[in-house]
Amino acid sequence: MSSGQTWRPFTSDTDAWLGVDFMEPVRITSVATKGYIEDDNSVSYATSYYVSKSGDGVNFEYYTESGNIVLFSTDTSSQASDAEYVDTQSLDLYTRHMRLHFQSWVNDISVRFEVYGCDDVRSTCSGYDENDHIEGWYTGYPTGNANTLEDIYCIDVHPERTIEDCYSDMGIEDGTISDSQMSASSENSGTETAANGRLNGGDPWVAATNDLNQWLQIDFEDFVTISRVATQTTNSKAVTEFQLEYGFDGSTFYSYYQVYTATATPNSVTYNDLTIPIRARYLRFIPTAWSGNIGMRVETYGCSFGKANNTCDEIGDAGETDGWMTNWVYCRNVGSGVVPCSTALGMESGLINDADLTASSYKTDYDGYQPQHGRLNVVSDTFSDSCWVTDTTDTDQYLQINLGTPAYVSKIAIQGSPGGSDYRTETYYVMYSLDGSSYTTYEEDGSSKLFTGNTDATTAVSSTIFTPFKALYVRINPQSWNTYPAIRAEVYGCDYGLSGCPEWYSDGFTTPGMYRLALPNTGNAYDHVYCPMDQLTNGVASCKDYHDNGQTTDGLYWIKPSGSAGLAIYCDFDTSEFVNDVILMEVGHDYENETHVSGTQYTGAGSYSVDVTYAYASASELSNLAQSSLRCEQLLYYSCSDTYIYDSTPTQYTWWVDGSGSQMTSFPGAASSDSGCFCGQNGNCVGGVETALCNCDQNLVPSRDGGYIVDKSVLPVSAFYAGEFDQSSDYASHTIGKLRCYDADPSTIPTSCQDAADSFGHSTDGYYFIDPDGSGALDPCKVYCDFSSVKNAVVTKFEHDWDSVTIQGITGSGKYGLEVNYNGVSLAQIESLMAGALRCEQYIEFQCYLGTRLRRSNRAWWAARDGTKKEYWGGATDQTDKCGCGVLGACLDASYGCHCDSQDDLHTLHDSGYLTDIDSLPVSQIRFGDTGGSKSATVLLGDLKCYHQTSSKMYESCYHMKNDGVTTDGDYFVDPDGTSSGQDAFLVSCDLSHNDTHVKQMFGHDSETRIHVTGFDVAGSYARDVNYDASWEQFEAHFSLYNYQECEQYIKYECYESKLLDSDTGWWVSRTGETMRYWGGGSPDQLSCSCGVDGSCTGGSSDMCHCDARDSTWATDEGYLFNNTYLPVAQIRLGDTDSGEGYVTLGQVVCYITTRKYANTCKM
């Protein structure tokens, strides 16, 4: 205070305060303030201020005397005449944190101050009780010796005032802690066990090995608070540094943040206080440094857990009763579903609607003073001074809040007007009611409690309800105010706590509507649930029943399926997931994320286990829901490495449990009544043992089993068990998806995408709920219907659960396998929906790196839908045992049938194309290997697409459509040789309005984008196979049309220091497999690009292409290819891009079709 400097706020207003943290509670007897001389010799000083106190530095309350807030007024006359005058104000205050809140001043707030008092030293913790102290460390005389000060850790739970010391020894030295409660990571001998590690005992605990993995553990068999530890050494066995770990369940431990030191002097005791005491059941001493051998004797100090806990769950674990925590959270239902009860109930968030805020009156001269503006911390965008303000200034006014559903109220916070009017409420009563007509005033100690409100308009002041009350309506009734009573408020507490609609009904609530329930298995979360009070006896069985009765609002509804006592379920009445009308019921649980498992403690069958806890309901209740639904599904995967589902005997080590509690012998994909997995039924499990039932059986490489469970009679998954982890390297994981159930009116469900268009008039692309066989044995399923892409066909798309997979380090043919799950659509359903398709296709690509082989030595293959091994790849057929390049005879190594079977160990190579055999599709499994060492491979697998004709007539070409009066451009299926024989129909694009005499028919492919080429030095070492929507045989049928047609295909190469045709560096391959060594616009006879025809190439007349000059500038060779005998381009080959680079672009095949030849008119 004697300093020549001063404190001054940025803005001198009544929100300014100056505070101090004394670091521990102290007693304050007076406060002195002094002003400051300005440069013009005037004096700035404070003339009045409030004092506030806090135990935690967060929640402050004003200093009061006789229940009234004290405004301290300084001696203004003395300060005005003497700039160094010290004004002293007396008070009696116990606190750690203190603030001065300045209310008036001269010139500016400018203050120097001092605080006088003494340490708050008592003999015991209970001596601090009268001063509302909080839990923490204090200075006292616990031994009774007034000359010996010690630190005492005290627990204070307001308002019960259960003050107790928390530094008592906890029974290690005196044997209260039994031998069985002490354990260790290792023990040196029978006389140096964990039980010997007691302070002042004989031999200490000594570890068998000296490393950083040792620990000494104490199990207190109950939750305790630990505030101090003591350690003791012996000769040559001394821990000199250690850390602490603590836990609640004996398996998971948490590191305490401090590192402690201890003396190495034999038999000396080192005491260490914990800055933040530990609350736990288990405590571990972790040696981090030692002298000689690791050895120690210990004691712990603290107290019983009491109510001084961090969360409501902890107070529940401690077996206490309802009450306030030291962090000022009220806990309800302690001992049965304990919940925190100090949550904001919805004023600030808007959960409480404007219509639920009413008042006795409101000031009408400003629209911002209506009751809906009485929300804590909310300022209207329209009204800067928005809050509730009364119209009359008497003590009968109130702001009324309708909570929506009954709730417990534990705290109220208010503030005044925000816009400068300084309207505020200084004191108030609280009233509450369950029926809205009879109100009770909240009391403490037998009389109405007068709560302290605001001393400024903007600071929120919270008031605790020490005995929370149950209410539907809350009124805040101002008793004193500044100018006008004004309030912005929040109400805190928790919901009523009823877990079902029948409980509300029993409490007298008989009107159907939304009620708030404490939903099971949600961590005591509350939510609004529709309760059909008029139908509770018989119950509403499903979301569909609600929908049939006119309900359309999504939300939680109380249903009662057959055999169920009732449960809350979320009804998505018209889920956006589907275009047609489908009701979705989805239930989550606690194991939705992939869960990893390892550890040799799980050697025995089913020795690892988890119970699946679902939100809102038990597994048995959800089993009733599943069996009453039209369709249900749940994903279940088990990924493994050297762990079994079945061994060779076969003994089952891993299984799941169904909704009724029965152990399942099958995994998804196999029939529920069978044993094993999908691969076992097909005889193609990855392990290579014919008798293997699952991929994970007798297999040392990473594998996976599972898929979608669609048998409603066994859903949901209620538990999962695993075993056979007999080595430390064994590991596995399980993934359990949400339970998803669907309902719909069966009469509105189409049997296919085609039926959706023809019978129901659907034309919107999206997901549809389809029942493949109507009322037959197959359940409905989810497929994607595309009505817009093709003009005369509908596309049905079946998606699956992975797009690509990459492996490395797995040797041997087909040693890695991955099944394909079509997102809950069974292979039987797919087969049914494929029937009658014009075409089905599935893209597949193999990428190999550093010499991984594909078909060579039968390294990779795929399985048909019936599990049959297929030894050809995309772009080839079942009889070839080749890839697409092998059919052309154009693979990088002509002696093999795939690019990846070549001797190229430098580049990433690709074999790709479409699989189109309807009798084999879809792909049910892929198998590959040969990725030992640094080799790797990737398989890409597209969705299955099937095309079904929607028009009654199939045309030979786009020109035939034009002649028949079709005028809409777009993609169409055409069949040049007729539907009764020859090749199947294929997809083209039609420009029907090209001109009066011609149509333009185009063939698309997968290489139409600009493709970068680099890193391929040898001539033709880069190969790009081009995959079209038509096969080579279908192209031949097209070119055999009796109509006259001219076809072309654009091709371009952009180069930088890269040759094109020179030295046979690059070429293209025709559909007939011939090597074509000329380029677009060039001459087949001259083997040139377009510039070679007229001798205009950059390098001179001897070059045939611009790129052949290999200039260090970008050049381009481009043009059209025309010969129908060779079109389309089936493959592009390039090289000379090791130091250089290039870009290749290939256009669609474009054919101009008419009935006879017209001179120079086809492109006009």
# chains A, B, ... in the order shown; residues from 1 in each chain; ligands from 1

$ select_by_dssp --residues "range 574-670 of chain A" --states "strand (DSSP E or B)" --output "PyMOL selection string"
chain A and resi 583-587+589+595-598+608-611+614+631-641+646+652+655-657+663+666

$ residues_around --residues "Ser189 in chain A" --least-positions-apart "4" --cutoff "8 Å" --atoms "only C-alpha atoms" --output "ChimeraX atom specification"
/A:193,206,208

$ write_last_selection --atoms "N, CA, C and O atoms" --output "PDB file, in the first residue's frame"
ATOM      1  N   THR A 193       8.215 -60.529   1.798  1.00  0.00           N
ATOM      2  CA  THR A 193       7.008 -60.518   0.979  1.00  0.00           C
ATOM      3  C   THR A 193       6.339 -59.147   1.044  1.00  0.00           C
ATOM      4  O   THR A 193       6.759 -58.258   1.812  1.00  0.00           O
ATOM      5  N   VAL A 206      10.833 -56.805  -0.446  1.00  0.00           N
ATOM      6  CA  VAL A 206      11.939 -56.678  -1.392  1.00  0.00           C
ATOM      7  C   VAL A 206      11.508 -57.329  -2.702  1.00  0.00           C
ATOM      8  O   VAL A 206      10.986 -58.457  -2.719  1.00  0.00           O
ATOM      9  N   ALA A 208      11.854 -59.156  -6.361  1.00  0.00           N
ATOM     10  CA  ALA A 208      12.728 -60.219  -6.865  1.00  0.00           C
ATOM     11  C   ALA A 208      13.701 -59.705  -7.900  1.00  0.00           C
ATOM     12  O   ALA A 208      14.800 -60.245  -8.062  1.00  0.00           O
TER      13      ALA A 208
END

$ closest_atom_pairs --of "range 852-927 of chain A" --to "range 814-827 of chain A" --cutoff "6 Å" --atoms "only C-alpha atoms" --output "JSON lines"
{"residue": "A:Arg859", "atom": "CA", "partner": "A:Gly814", "partner_atom": "CA", "distance": 5.8}
{"residue": "A:Ala860", "atom": "CA", "partner": "A:Gly814", "partner_atom": "CA", "distance": 5.4}
{"residue": "A:Ser924", "atom": "CA", "partner": "A:Val820", "partner_atom": "CA", "distance": 5.1}
{"residue": "A:Gln925", "atom": "CA", "partner": "A:Glu819", "partner_atom": "CA", "distance": 4.2}
{"residue": "A:Ile926", "atom": "CA", "partner": "A:Leu818", "partner_atom": "CA", "distance": 5.6}
{"residue": "A:Arg927", "atom": "CA", "partner": "A:Gly817", "partner_atom": "CA", "distance": 4.4}

$ write_last_selection --atoms "N, CA, C and O atoms" --output "PDB file, in the first residue's frame"
ATOM      1  N   ARG A 859      -1.794 -67.766 -57.185  1.00  0.00           N
ATOM      2  CA  ARG A 859      -1.580 -67.007 -55.946  1.00  0.00           C
ATOM      3  C   ARG A 859      -2.861 -66.340 -55.421  1.00  0.00           C
ATOM      4  O   ARG A 859      -3.000 -66.132 -54.232  1.00  0.00           O
ATOM      5  N   ALA A 860      -3.776 -65.921 -56.304  1.00  0.00           N
ATOM      6  CA  ALA A 860      -4.963 -65.184 -55.861  1.00  0.00           C
ATOM      7  C   ALA A 860      -6.182 -65.662 -56.646  1.00  0.00           C
ATOM      8  O   ALA A 860      -6.072 -66.108 -57.789  1.00  0.00           O
ATOM      9  N   SER A 924     -18.128 -63.298 -53.127  1.00  0.00           N
ATOM     10  CA  SER A 924     -18.403 -63.554 -51.707  1.00  0.00           C
ATOM     11  C   SER A 924     -17.133 -63.582 -50.861  1.00  0.00           C
ATOM     12  O   SER A 924     -17.206 -63.492 -49.631  1.00  0.00           O
ATOM     13  N   GLN A 925     -15.970 -63.718 -51.528  1.00  0.00           N
ATOM     14  CA  GLN A 925     -14.707 -63.779 -50.792  1.00  0.00           C
ATOM     15  C   GLN A 925     -13.584 -63.475 -51.769  1.00  0.00           C
ATOM     16  O   GLN A 925     -13.663 -63.818 -52.955  1.00  0.00           O
ATOM     17  N   ILE A 926     -12.527 -62.820 -51.301  1.00  0.00           N
ATOM     18  CA  ILE A 926     -11.310 -62.677 -52.101  1.00  0.00           C
ATOM     19  C   ILE A 926     -10.175 -63.339 -51.323  1.00  0.00           C
ATOM     20  O   ILE A 926     -10.142 -63.333 -50.079  1.00  0.00           O
ATOM     21  N   ARG A 927      -9.232 -63.917 -52.085  1.00  0.00           N
ATOM     22  CA  ARG A 927      -8.093 -64.619 -51.486  1.00  0.00           C
ATOM     23  C   ARG A 927      -6.817 -64.190 -52.211  1.00  0.00           C
ATOM     24  O   ARG A 927      -6.772 -64.174 -53.448  1.00  0.00           O
TER      25      ARG A 927
END

$ residues_around --residues "Gln258 in chain A" --least-positions-apart "6" --cutoff "9 Å" --atoms "only C-alpha atoms" --output "JSON list (two decimals) with N, CA, C and O atoms, in the first residue's frame"
[["chain", "number", "residue", "atom", "x", "y", "z"],
["A", 243, "GLN", "N", 6.85, -43.20, -7.35],
["A", 243, "GLN", "CA", 5.60, -42.59, -7.75],
["A", 243, "GLN", "C", 4.45, -43.41, -7.18],
["A", 243, "GLN", "O", 4.66, -44.51, -6.66],
["A", 244, "LEU", "N", 3.25, -42.87, -7.30],
["A", 244, "LEU", "CA", 2.05, -43.55, -6.82],
["A", 244, "LEU", "C", 1.10, -43.80, -7.98],
["A", 244, "LEU", "O", 1.01, -42.99, -8.91],
["A", 274, "LEU", "N", 0.36, -35.39, 0.00],
["A", 274, "LEU", "CA", -0.20, -35.35, -1.34],
["A", 274, "LEU", "C", -0.89, -34.01, -1.54],
["A", 274, "LEU", "O", -1.84, -33.68, -0.81],
["A", 275, "THR", "N", -0.41, -33.23, -2.49],
["A", 275, "THR", "CA", -0.99, -31.92, -2.73],
["A", 275, "THR", "C", -2.48, -32.02, -3.02],
["A", 275, "THR", "O", -3.29, -31.24, -2.53]]

$ closest_residue --among "A:Glu173, A:Asp755, A:Asp901, A:Asp356" --to "Val298 in chain A" --atoms "only C-alpha atoms"
A:Glu173

$ closest_residue --among "A:Lys953, A:Arg375, A:Lys791, A:Lys797" --to "Ile352 in chain A" --atoms "only C-alpha atoms"
A:Arg375

$ residues_around --residues "Gln663 in chain A" --least-positions-apart "2" --cutoff "10 Å" --atoms "only C-alpha atoms" --output "ChimeraX atom specification"
/A:654-661,665-666,718-721

$ select_by_dssp --residues "range 836-1003 of chain A" --states "helix (DSSP H, G or I)" --output "ChimeraX atom specification"
/A:856-858,884-888,899-901,958-963

$ residues_around --residues "His97 in chain A" --least-positions-apart "5" --cutoff "8 Å" --atoms "only C-alpha atoms" --output "PyMOL selection string"
chain A and resi 19-23+25+53-57

$ residues_around --residues "Ala289 in chain A" --least-positions-apart "2" --cutoff "6 Å" --atoms "only C-alpha atoms" --output "list of chain:residue names"
A:Thr240, A:Glu241, A:Pro287

$ write_last_selection --atoms "all heavy atoms" --output "PDB file, in the first residue's frame"
ATOM      1  N   THR A 240      14.707 -44.819  -3.117  1.00  0.00           N
ATOM      2  CA  THR A 240      15.017 -43.401  -2.890  1.00  0.00           C
ATOM      3  C   THR A 240      14.105 -42.467  -3.686  1.00  0.00           C
ATOM      4  O   THR A 240      14.132 -41.269  -3.472  1.00  0.00           O
ATOM      5  CB  THR A 240      16.474 -43.119  -3.275  1.00  0.00           C
ATOM      6  OG1 THR A 240      16.676 -43.499  -4.643  1.00  0.00           O
ATOM      7  CG2 THR A 240      17.421 -43.906  -2.373  1.00  0.00           C
ATOM      8  N   GLU A 241      13.325 -43.020  -4.594  1.00  0.00           N
ATOM      9  CA  GLU A 241      12.394 -42.211  -5.382  1.00  0.00           C
ATOM     10  C   GLU A 241      11.251 -43.117  -5.823  1.00  0.00           C
ATOM     11  O   GLU A 241      11.461 -44.271  -6.173  1.00  0.00           O
ATOM     12  CB  GLU A 241      13.102 -41.624  -6.605  1.00  0.00           C
ATOM     13  CG  GLU A 241      12.241 -40.703  -7.450  1.00  0.00           C
ATOM     14  CD  GLU A 241      13.004 -40.194  -8.662  1.00  0.00           C
ATOM     15  OE1 GLU A 241      13.686 -39.172  -8.536  1.00  0.00           O
ATOM     16  OE2 GLU A 241      12.910 -40.848  -9.735  1.00  0.00           O
ATOM     17  N   PRO A 287       8.521 -47.934  -7.339  1.00  0.00           N
ATOM     18  CA  PRO A 287       9.901 -47.460  -7.202  1.00  0.00           C
ATOM     19  C   PRO A 287      10.465 -47.000  -8.549  1.00  0.00           C
ATOM     20  O   PRO A 287      10.327 -47.698  -9.566  1.00  0.00           O
ATOM     21  CB  PRO A 287      10.651 -48.695  -6.691  1.00  0.00           C
ATOM     22  CG  PRO A 287       9.586 -49.568  -6.084  1.00  0.00           C
ATOM     23  CD  PRO A 287       8.386 -49.352  -6.905  1.00  0.00           C
TER      24      PRO A 287
END

$ residues_around --residues "Tyr85 in chain A" --least-positions-apart "4" --cutoff "9 Å" --atoms "only C-alpha atoms" --output "list in words"
Thr33, Lys34, Gly35, Ser78, Gln79, Ala80 and Ser81 of chain A

$ write_last_selection --atoms "N, CA, C and O atoms" --output "PDB file, in the first residue's frame"
ATOM      1  N   THR A  33      -7.725   0.977   2.572  1.00  0.00           N
ATOM      2  CA  THR A  33      -7.582   1.423   1.189  1.00  0.00           C
ATOM      3  C   THR A  33      -7.007   2.829   1.168  1.00  0.00           C
ATOM      4  O   THR A  33      -7.148   3.598   2.125  1.00  0.00           O
ATOM      5  N   LYS A  34      -6.348   3.178   0.074  1.00  0.00           N
ATOM      6  CA  LYS A  34      -5.748   4.495  -0.092  1.00  0.00           C
ATOM      7  C   LYS A  34      -5.871   4.885  -1.557  1.00  0.00           C
ATOM      8  O   LYS A  34      -5.779   4.041  -2.456  1.00  0.00           O
ATOM      9  N   GLY A  35      -6.068   6.164  -1.829  1.00  0.00           N
ATOM     10  CA  GLY A  35      -6.234   6.645  -3.190  1.00  0.00           C
ATOM     11  C   GLY A  35      -4.906   6.914  -3.875  1.00  0.00           C
ATOM     12  O   GLY A  35      -3.837   6.430  -3.457  1.00  0.00           O
ATOM     13  N   SER A  78     -11.711  13.044   4.434  1.00  0.00           N
ATOM     14  CA  SER A  78     -10.284  12.880   4.738  1.00  0.00           C
ATOM     15  C   SER A  78      -9.502  12.547   3.474  1.00  0.00           C
ATOM     16  O   SER A  78      -8.392  13.053   3.256  1.00  0.00           O
ATOM     17  N   GLN A  79     -10.060  11.704   2.621  1.00  0.00           N
ATOM     18  CA  GLN A  79      -9.352  11.334   1.405  1.00  0.00           C
ATOM     19  C   GLN A  79      -9.240  12.515   0.449  1.00  0.00           C
ATOM     20  O   GLN A  79      -8.246  12.670  -0.260  1.00  0.00           O
ATOM     21  N   ALA A  80     -10.260  13.345   0.426  1.00  0.00           N
ATOM     22  CA  ALA A  80     -10.233  14.497  -0.484  1.00  0.00           C
ATOM     23  C   ALA A  80      -9.157  15.495  -0.091  1.00  0.00           C
ATOM     24  O   ALA A  80      -8.549  16.152  -0.943  1.00  0.00           O
ATOM     25  N   SER A  81      -8.913  15.599   1.219  1.00  0.00           N
ATOM     26  CA  SER A  81      -7.938  16.595   1.688  1.00  0.00           C
ATOM     27  C   SER A  81      -6.539  16.020   1.856  1.00  0.00           C
ATOM     28  O   SER A  81      -5.569  16.769   1.924  1.00  0.00           O
TER      29      SER A  81
END

$ atom_distance --atom1 "CA of Val717 in chain A" --atom2 "CA of Val610 in chain A"
10.7 Å
